[in-house]
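Q: coords12.csv is reproduced in full below (CSV, C-alpha atoms).
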chain,number,residue,atom,x,y,z
R,26,ALA,CA,0.0,0.0,0.0
R,27,VAL,CA,1.0,3.6,-0.4
R,28,LEU,CA,0.7,5.9,2.6
R,29,SER,CA,0.0,9.6,3.2
R,30,VAL,CA,-0.9,11.7,6.2
R,31,GLN,CA,-3.4,14.5,6.6
R,32,VAL,CA,-3.1,17.3,9.2
R,33,THR,CA,-6.2,19.2,10.2
R,34,ALA,CA,-5.8,22.5,12.0
R,35,ALA,CA,-8.6,24.2,14.0
R,36,LYS,CA,-8.8,27.6,15.9
R,37,PRO,CA,-11.9,29.4,17.2
R,38,GLY,CA,-12.9,32.1,14.7
R,39,TYR,CA,-11.0,30.6,11.9
R,40,VAL,CA,-12.0,28.2,9.1
R,41,THR,CA,-10.6,24.7,9.7
R,42,GLY,CA,-7.7,24.0,7.4
R,43,ALA,CA,-6.4,20.6,6.2
R,44,SER,CA,-3.2,19.7,4.4
R,45,SER,CA,-2.2,16.3,3.0
R,46,SER,CA,1.3,15.0,2.5
R,47,ALA,CA,2.5,13.4,-0.7
R,48,GLN,CA,2.1,9.7,-1.0
R,49,THR,CA,4.9,7.4,-0.1
R,50,ALA,CA,6.3,4.7,-2.3
R,51,PRO,CA,4.5,1.4,-2.1
R,52,THR,CA,5.3,-0.2,1.3
R,53,ALA,CA,7.9,-2.9,0.8
R,54,PRO,CA,7.9,-6.3,2.7
R,55,GLY,CA,10.0,-6.6,5.8
R,56,THR,CA,13.2,-8.7,5.8
R,57,MET,CA,13.2,-11.9,7.8
R,58,ALA,CA,16.7,-12.8,9.0
R,59,VAL,CA,18.1,-16.3,9.7
R,60,ALA,CA,18.7,-16.6,13.5
R,61,SER,CA,20.1,-20.2,13.4
R,62,ALA,CA,20.7,-22.9,10.8
R,63,PRO,CA,19.1,-26.3,10.9
R,64,THR,CA,21.1,-29.4,11.7
R,65,ILE,CA,21.0,-32.9,10.3
R,66,SER,CA,21.2,-36.1,12.4
R,67,GLY,CA,21.6,-39.7,11.4
R,68,VAL,CA,24.2,-41.8,9.6
R,69,PRO,CA,24.6,-41.0,5.9
R,70,LYS,CA,24.5,-44.4,4.4
R,71,VAL,CA,22.2,-46.3,2.0
R,72,GLY,CA,19.3,-47.6,4.0
R,73,GLY,CA,19.8,-45.0,6.7
R,74,VAL,CA,17.4,-42.2,7.7
R,75,LEU,CA,18.4,-38.6,8.2
R,76,THR,CA,16.4,-36.1,10.3
R,77,VAL,CA,16.5,-32.3,10.0
R,78,SER,CA,15.7,-30.1,13.0
R,79,GLY,CA,16.0,-26.5,14.0
R,80,GLY,CA,16.3,-23.5,11.8
R,81,ALA,CA,15.0,-20.2,13.4
R,82,PHE,CA,14.2,-16.8,12.0
R,83,THR,CA,13.9,-13.2,13.2
R,84,PRO,CA,11.1,-12.3,13.4
R,85,ALA,CA,9.8,-15.8,14.1
R,86,ALA,CA,8.3,-17.6,11.1
R,87,THR,CA,4.6,-18.5,11.2
R,88,SER,CA,5.2,-21.5,8.8
R,89,SER,CA,8.1,-23.2,7.1
R,90,ALA,CA,8.9,-25.6,4.3
R,91,ILE,CA,11.7,-28.1,3.9
R,92,GLN,CA,13.7,-29.3,0.9
R,93,TRP,CA,16.4,-31.9,0.8
R,94,PHE,CA,19.4,-31.6,-1.6
R,95,ALA,CA,22.0,-34.0,-2.9
R,96,ASP,CA,25.2,-32.2,-3.9
R,97,GLY,CA,23.1,-29.1,-4.4
R,98,ALA,CA,20.4,-30.6,-6.5
R,99,PRO,CA,16.8,-30.9,-5.1
R,100,ILE,CA,15.7,-34.5,-4.3
R,101,PRO,CA,12.3,-34.9,-5.9
R,102,GLY,CA,9.5,-35.3,-3.3
R,103,ALA,CA,11.9,-34.9,-0.3
R,104,THR,CA,10.1,-32.2,1.7
R,105,GLY,CA,9.6,-33.8,5.1
R,106,THR,CA,11.6,-33.7,8.3
R,107,THR,CA,13.2,-37.1,7.5
R,108,LEU,CA,14.9,-38.5,4.5
R,109,SER,CA,15.3,-42.3,3.8
R,110,LEU,CA,18.5,-42.7,1.8
R,111,GLY,CA,18.5,-45.0,-1.2
R,112,PRO,CA,21.0,-46.0,-3.9
R,113,ASP,CA,20.4,-42.7,-5.8
R,114,GLN,CA,22.1,-40.8,-2.9
R,115,LEU,CA,25.2,-43.0,-2.8
R,116,ASP,CA,28.4,-40.9,-2.8
R,117,HIS,CA,26.4,-37.7,-2.6
R,118,ARG,CA,26.5,-35.1,0.2
R,119,ILE,CA,23.1,-34.4,1.6
R,120,ALA,CA,21.8,-31.0,2.9
R,121,ALA,CA,18.5,-29.6,3.9
R,122,VAL,CA,17.1,-26.1,3.5
R,123,VAL,CA,14.3,-24.7,5.8
R,124,THR,CA,12.4,-21.8,4.4
R,125,GLY,CA,10.6,-19.5,6.9
R,126,LYS,CA,7.4,-17.7,5.9
R,127,ARG,CA,5.6,-14.8,7.6
R,128,ALA,CA,2.9,-12.5,6.2
R,129,GLY,CA,4.4,-9.1,5.3
R,130,TYR,CA,8.0,-10.4,5.1
R,131,THR,CA,10.1,-11.9,2.4
R,132,ASP,CA,10.8,-15.6,2.8
R,133,ALA,CA,14.1,-16.5,4.4
R,134,ALA,CA,16.1,-19.7,3.7
R,135,ALA,CA,18.3,-21.4,6.3
R,136,GLY,CA,20.6,-24.2,5.0
R,137,SER,CA,22.2,-27.0,7.0
R,138,ALA,CA,25.8,-28.0,6.6
R,139,PRO,CA,26.2,-31.0,4.2
R,140,THR,CA,26.7,-34.5,5.4
R,141,ASP,CA,29.7,-36.6,4.5
R,142,PRO,CA,29.2,-38.5,1.3
R,143,VAL,CA,26.5,-41.2,1.6
R,144,GLY,CA,28.2,-44.6,2.0
R,145,PRO,CA,27.1,-48.1,1.0
R,146,GLU,CA,25.3,-50.4,3.4
R,147,ASN,CA,26.3,-54.0,4.0
R,148,LEU,CA,24.2,-56.9,2.8
R,149,THR,CA,23.1,-59.3,5.5
R,150,MET,CA,23.7,-63.1,5.2
R,151,GLY,CA,20.8,-64.9,6.6
R,152,GLN,CA,22.0,-68.3,5.4
R,153,GLU,CA,25.3,-69.3,3.8
R,154,PRO,CA,25.3,-71.0,0.3
R,155,ALA,CA,26.2,-74.7,0.0
R,156,LEU,CA,27.2,-77.1,-2.7
R,157,ALA,CA,25.5,-80.4,-3.3
R,158,GLY,CA,26.8,-83.3,-5.4
R,159,ALA,CA,30.0,-85.2,-5.9
R,160,PRO,CA,32.7,-84.1,-8.4
R,161,HIS,CA,32.3,-86.8,-11.0
R,162,VAL,CA,32.2,-86.4,-14.8
R,163,GLY,CA,28.6,-86.3,-15.9
R,164,GLN,CA,27.1,-85.9,-12.5
R,165,ALA,CA,25.5,-82.5,-11.8
R,166,LEU,CA,26.7,-80.2,-9.1
R,167,THR,CA,24.1,-77.7,-7.7
R,168,VAL,CA,24.2,-74.9,-5.2
R,169,THR,CA,21.8,-73.8,-2.6
R,170,PRO,CA,22.2,-70.0,-3.1
R,171,GLY,CA,21.7,-69.0,0.5
R,172,VAL,CA,19.6,-66.1,1.9
R,173,VAL,CA,20.8,-62.6,1.5
R,174,GLY,CA,19.0,-59.3,2.4
R,175,PRO,CA,17.5,-56.9,1.8
R,176,ALA,CA,15.2,-57.8,-1.1
R,177,GLY,CA,16.4,-57.2,-4.6
R,178,VAL,CA,19.8,-58.8,-4.3
R,179,THR,CA,21.3,-60.1,-7.6
R,180,THR,CA,23.2,-63.4,-7.4
R,181,ALA,CA,25.9,-64.2,-9.9
R,182,TYR,CA,27.7,-67.6,-10.3
R,183,ARG,CA,31.1,-68.4,-11.8
R,184,TRP,CA,32.4,-72.0,-11.8
R,185,MET,CA,36.2,-72.4,-11.8
R,186,ARG,CA,38.6,-75.2,-12.7
R,187,ASN,CA,41.9,-75.1,-10.7
R,188,GLY,CA,41.0,-71.4,-9.9
R,189,VAL,CA,40.5,-70.5,-13.6
R,190,LYS,CA,37.0,-69.4,-14.9
R,191,ILE,CA,35.2,-72.1,-16.9
R,192,LYS,CA,33.9,-70.5,-20.1
R,193,GLY,CA,30.1,-70.3,-20.0
R,194,ALA,CA,29.7,-71.9,-16.6
R,195,GLN,CA,27.6,-69.1,-14.9
R,196,ASP,CA,24.6,-71.0,-13.6
R,197,ALA,CA,23.7,-72.5,-10.2
R,198,ARG,CA,24.1,-76.0,-11.8
R,199,TYR,CA,27.2,-77.4,-13.5
R,200,VAL,CA,27.9,-80.8,-15.0
R,201,PRO,CA,31.6,-81.7,-15.0
R,202,THR,CA,33.0,-82.8,-18.3
R,203,ALA,CA,36.1,-84.7,-19.4
R,204,ASP,CA,38.0,-81.4,-19.2
R,205,ASP,CA,37.5,-81.4,-15.5
R,206,LEU,CA,38.9,-84.8,-14.9
R,207,GLY,CA,41.7,-84.6,-12.3
R,208,THR,CA,41.1,-80.9,-11.5
R,209,ARG,CA,39.7,-79.1,-8.5
R,210,LEU,CA,36.3,-77.4,-9.1
R,211,SER,CA,35.1,-74.4,-7.1
R,212,LEU,CA,32.3,-71.9,-7.4
R,213,LYS,CA,32.4,-68.2,-6.7
R,214,ILE,CA,29.1,-66.5,-5.8
R,215,ARG,CA,28.7,-62.8,-5.8
R,216,TYR,CA,25.7,-61.1,-4.2
R,217,SER,CA,25.2,-57.5,-5.2
R,218,LYS,CA,22.7,-54.7,-5.0
R,219,PRO,CA,23.0,-51.0,-5.9
R,220,GLY,CA,24.1,-48.9,-2.9
R,221,TYR,CA,25.4,-52.0,-1.0
R,222,ASN,CA,28.8,-53.6,-0.5
R,223,SER,CA,28.9,-56.8,-2.6
R,224,VAL,CA,29.4,-60.1,-0.8
R,225,VAL,CA,31.5,-62.9,-2.4
R,226,ARG,CA,31.6,-66.5,-1.3
R,227,THR,CA,33.9,-69.2,-2.8
R,228,LEU,CA,32.8,-72.8,-2.3
R,229,ALA,CA,35.3,-75.6,-3.0
R,230,LEU,CA,34.8,-79.3,-3.6
Please re-express this file's structure in C-alpha cells.
A:
Amino acid sequence: AVLSVQVTAAKPGYVTGASSSAQTAPTAPGTMAVASAPTISGVPKVGGVLTVSGGAFTPAATSSAIQWFADGAPIPGATGTTLSLGPDQLDHRIAAVVTGKRAGYTDAAAGSAPTDPVGPENLTMGQEPALAGAPHVGQALTVTPGVVGPAGVTTAYRWMRNGVKIKGAQDARYVPTADDLGTRLSLKIRYSKPGYNSVVRTLAL
C-alpha cells in the first residue's frame, strides 16, 4: 500500500484547514533474517534415515517448508523432516534447507551443513550358500544359493577349474566334463545390490 498523512488545524474564529502529504512509495515487505541454521542427524549411508531439526528466523516464522538436496540438486519429493537414503544418494553429500514464511515479510532460507558422502550399506547373510553333489564327470553339481537381504539382491555364479574361470559356466548348476577330470572345481558366488557392498563367497569341492 501507499501511505499519506493529513493534518487538520482548527482555531476558534477561523476556518478549519487541512493539508495532506505526498504519498509514499509502495510499502515494501519486511526482511526476515536467519537466526540459526538447521542441523541434520543420522548416519549418511544407504538404508539410513536422516532427520533435520532447528532453523530459526527473526522475526519468528509462522510457517516453514523443507527441501532436501543431494550435492546441491533438489531431491524430488523430499520435503519432510526425515529422508530415507537410497542407492540414488550413494556418494552424494546431503543437505536440507528450511524456508521460513511470515505475512508481510520476504521468505528466508536457512541451509544446513552438508553431510559426509553417503556410503554403502552392508548386505546381510541370513543363510550361507552350500554345494551339493560329488565331483564326478557327468554328475551335476548344484548350489543352494543362501539367503541374503534386503530384497532385490542379484546373485551371480562363476564355476572355476583349478582357480580359472570355466567359459560359459555361470549357472547354479554345473555338470563336470572330461576337461574337469583330475582338476579341482570351485564356485564363486557374488551377491550385489546398488548402494550396498557386494558379498563374495567361494565354495570348493
Q: Quick one: everything within 9 Å of Gly151 of chain R, counting all atoms listed in the file, minus sequence neighbours fewer than 4 positions away in the same chain. Send it as a PyMOL selection string.
A: chain R and resi 171-174
Q: Applying 9 Å and all atoms listed in the file, which residues near Ser45 of chain R remain after dropping the ones on its own chain fewer than 6 positions away? List them as an MDAnalysis selection string.
A: chainID R and resid 29:33
Q: Which residues, protein or nucleic acid, reach to within 12 Å of (5.2, -21.4, 9.3) in the file's coordinates when using all atoms listed in the file, and can you give that as a ChimeraX atom specification?
A: /R:80-82,84-91,123-128,132-133
Q: Residues at most 8 Å from segment 74-79 of chain R, counting all atoms listed in the file, excluding those fewer than 6 positions away in the same chain, as a list in words?
A: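 Counting only the stated atoms, we get Ser61, Ala62, Pro63, Thr64, Ile65, Ser66, Gly67, Val68, Thr106, Thr107, Leu108, Ser109, Leu110 and Ala121 of chain R.
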Q: From the set R:Pro142, R:Pro112, R:Gly163, R:Gly136, which residue has the shortest atom-to-atom contact distance to Asp96 of chain R, counting only C-alpha atoms?
A: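 Going through R:Pro142, R:Pro112, R:Gly163, R:Gly136 one by one, the smallest distance to Asp96 of chain R is for R:Pro142.
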Q: Could you tell me which of R:Gly97, R:Gly177, R:Gly111, R:Gly129 comes closest to Leu148 of chain R if we count all atoms listed in the file?
A: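 Ranked by minimum distance to Leu148 of chain R, first place goes to R:Gly177.
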Q: Just the number, please: distance in Å from atom CA of Tyr221 of chain R to atom CA of Val71 of chain R, one decimal.
A: 7.2 Å
Q: Env of Ala34 of chain R: 12 Å cut, atoms = only C-alpha atoms, seq-sep filter 6 positions within chain, self excluded. Answer as a short mmCIF file (atom, residue, chain, number, x, y, z; two decimals) with C-alpha atoms, in the frame of the given file.
A:
data_model
loop_
_atom_site.label_atom_id
_atom_site.label_comp_id
_atom_site.auth_asym_id
_atom_site.auth_seq_id
_atom_site.Cartn_x
_atom_site.Cartn_y
_atom_site.Cartn_z
CA VAL R 40 -12.00 28.20 9.10
CA THR R 41 -10.60 24.70 9.70
CA GLY R 42 -7.70 24.00 7.40
CA ALA R 43 -6.40 20.60 6.20
CA SER R 44 -3.20 19.70 4.40
CA SER R 45 -2.20 16.30 3.00
#
Q: Applying 7 Å and all atoms listed in the file, which residues near segment 225-229 of chain R remain after dropping the ones on its own chain fewer than 6 positions away? List them as a short mmCIF file (atom, residue, chain, number, x, y, z; two decimals) with C-alpha atoms, in the coordinates of the input.
A:
data_model
loop_
_atom_site.label_atom_id
_atom_site.label_comp_id
_atom_site.auth_asym_id
_atom_site.auth_seq_id
_atom_site.Cartn_x
_atom_site.Cartn_y
_atom_site.Cartn_z
CA LEU R 210 36.30 -77.40 -9.10
CA SER R 211 35.10 -74.40 -7.10
CA LEU R 212 32.30 -71.90 -7.40
CA LYS R 213 32.40 -68.20 -6.70
CA ILE R 214 29.10 -66.50 -5.80
CA ARG R 215 28.70 -62.80 -5.80
CA TYR R 216 25.70 -61.10 -4.20
#
Q: Could you please determine the separation between atom CA of Thr202 of chain R and atom CA of Ala159 of chain R in Å, to one decimal place?
A: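 For atom CA of Thr202 of chain R relative to atom CA of Ala159 of chain R, the distance reads 13.0 Å.
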Q: For a test of reading the model, state the distance in Å between atom CA of Leu28 of chain R and atom CA of Met57 of chain R, rounded to one decimal.
A: 22.4 Å
Q: Nearest to Pro139 of chain R: which of R:Gly102, R:Pro160, R:Gly38, R:Pro69 is it, counting all atoms listed in the file?
A: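 The answer is R:Pro69, which sits nearest to Pro139 of chain R.
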Q: Is there a way to get, as a ChimeraX atom specification, all residues within 10 Å of the point (36.0, -82.9, -17.6) in file coordinates, counting all atoms listed in the file?
A: /R:160-163,186,200-208
Q: Given all atoms listed in the file as the basis, pick out the residue of R:Gln164, R:Ile191, R:Val122, R:Ser217 nearest to Thr149 of chain R.
A: R:Ser217
Q: When distances are computed from only C-alpha atoms, which of R:Ser223, R:Thr56, R:Gln92, R:Thr179 shows the smallest separation from Thr131 of chain R?
A: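 For Thr131 of chain R, the nearest of the given residues is R:Thr56.
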Q: From the set R:Ala60, R:Ala26, R:Arg198, R:Asp116, which residue has the shortest atom-to-atom contact distance to Gly158 of chain R, counting only C-alpha atoms?
A: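 That would be R:Arg198, the residue with the smallest distance to Gly158 of chain R.
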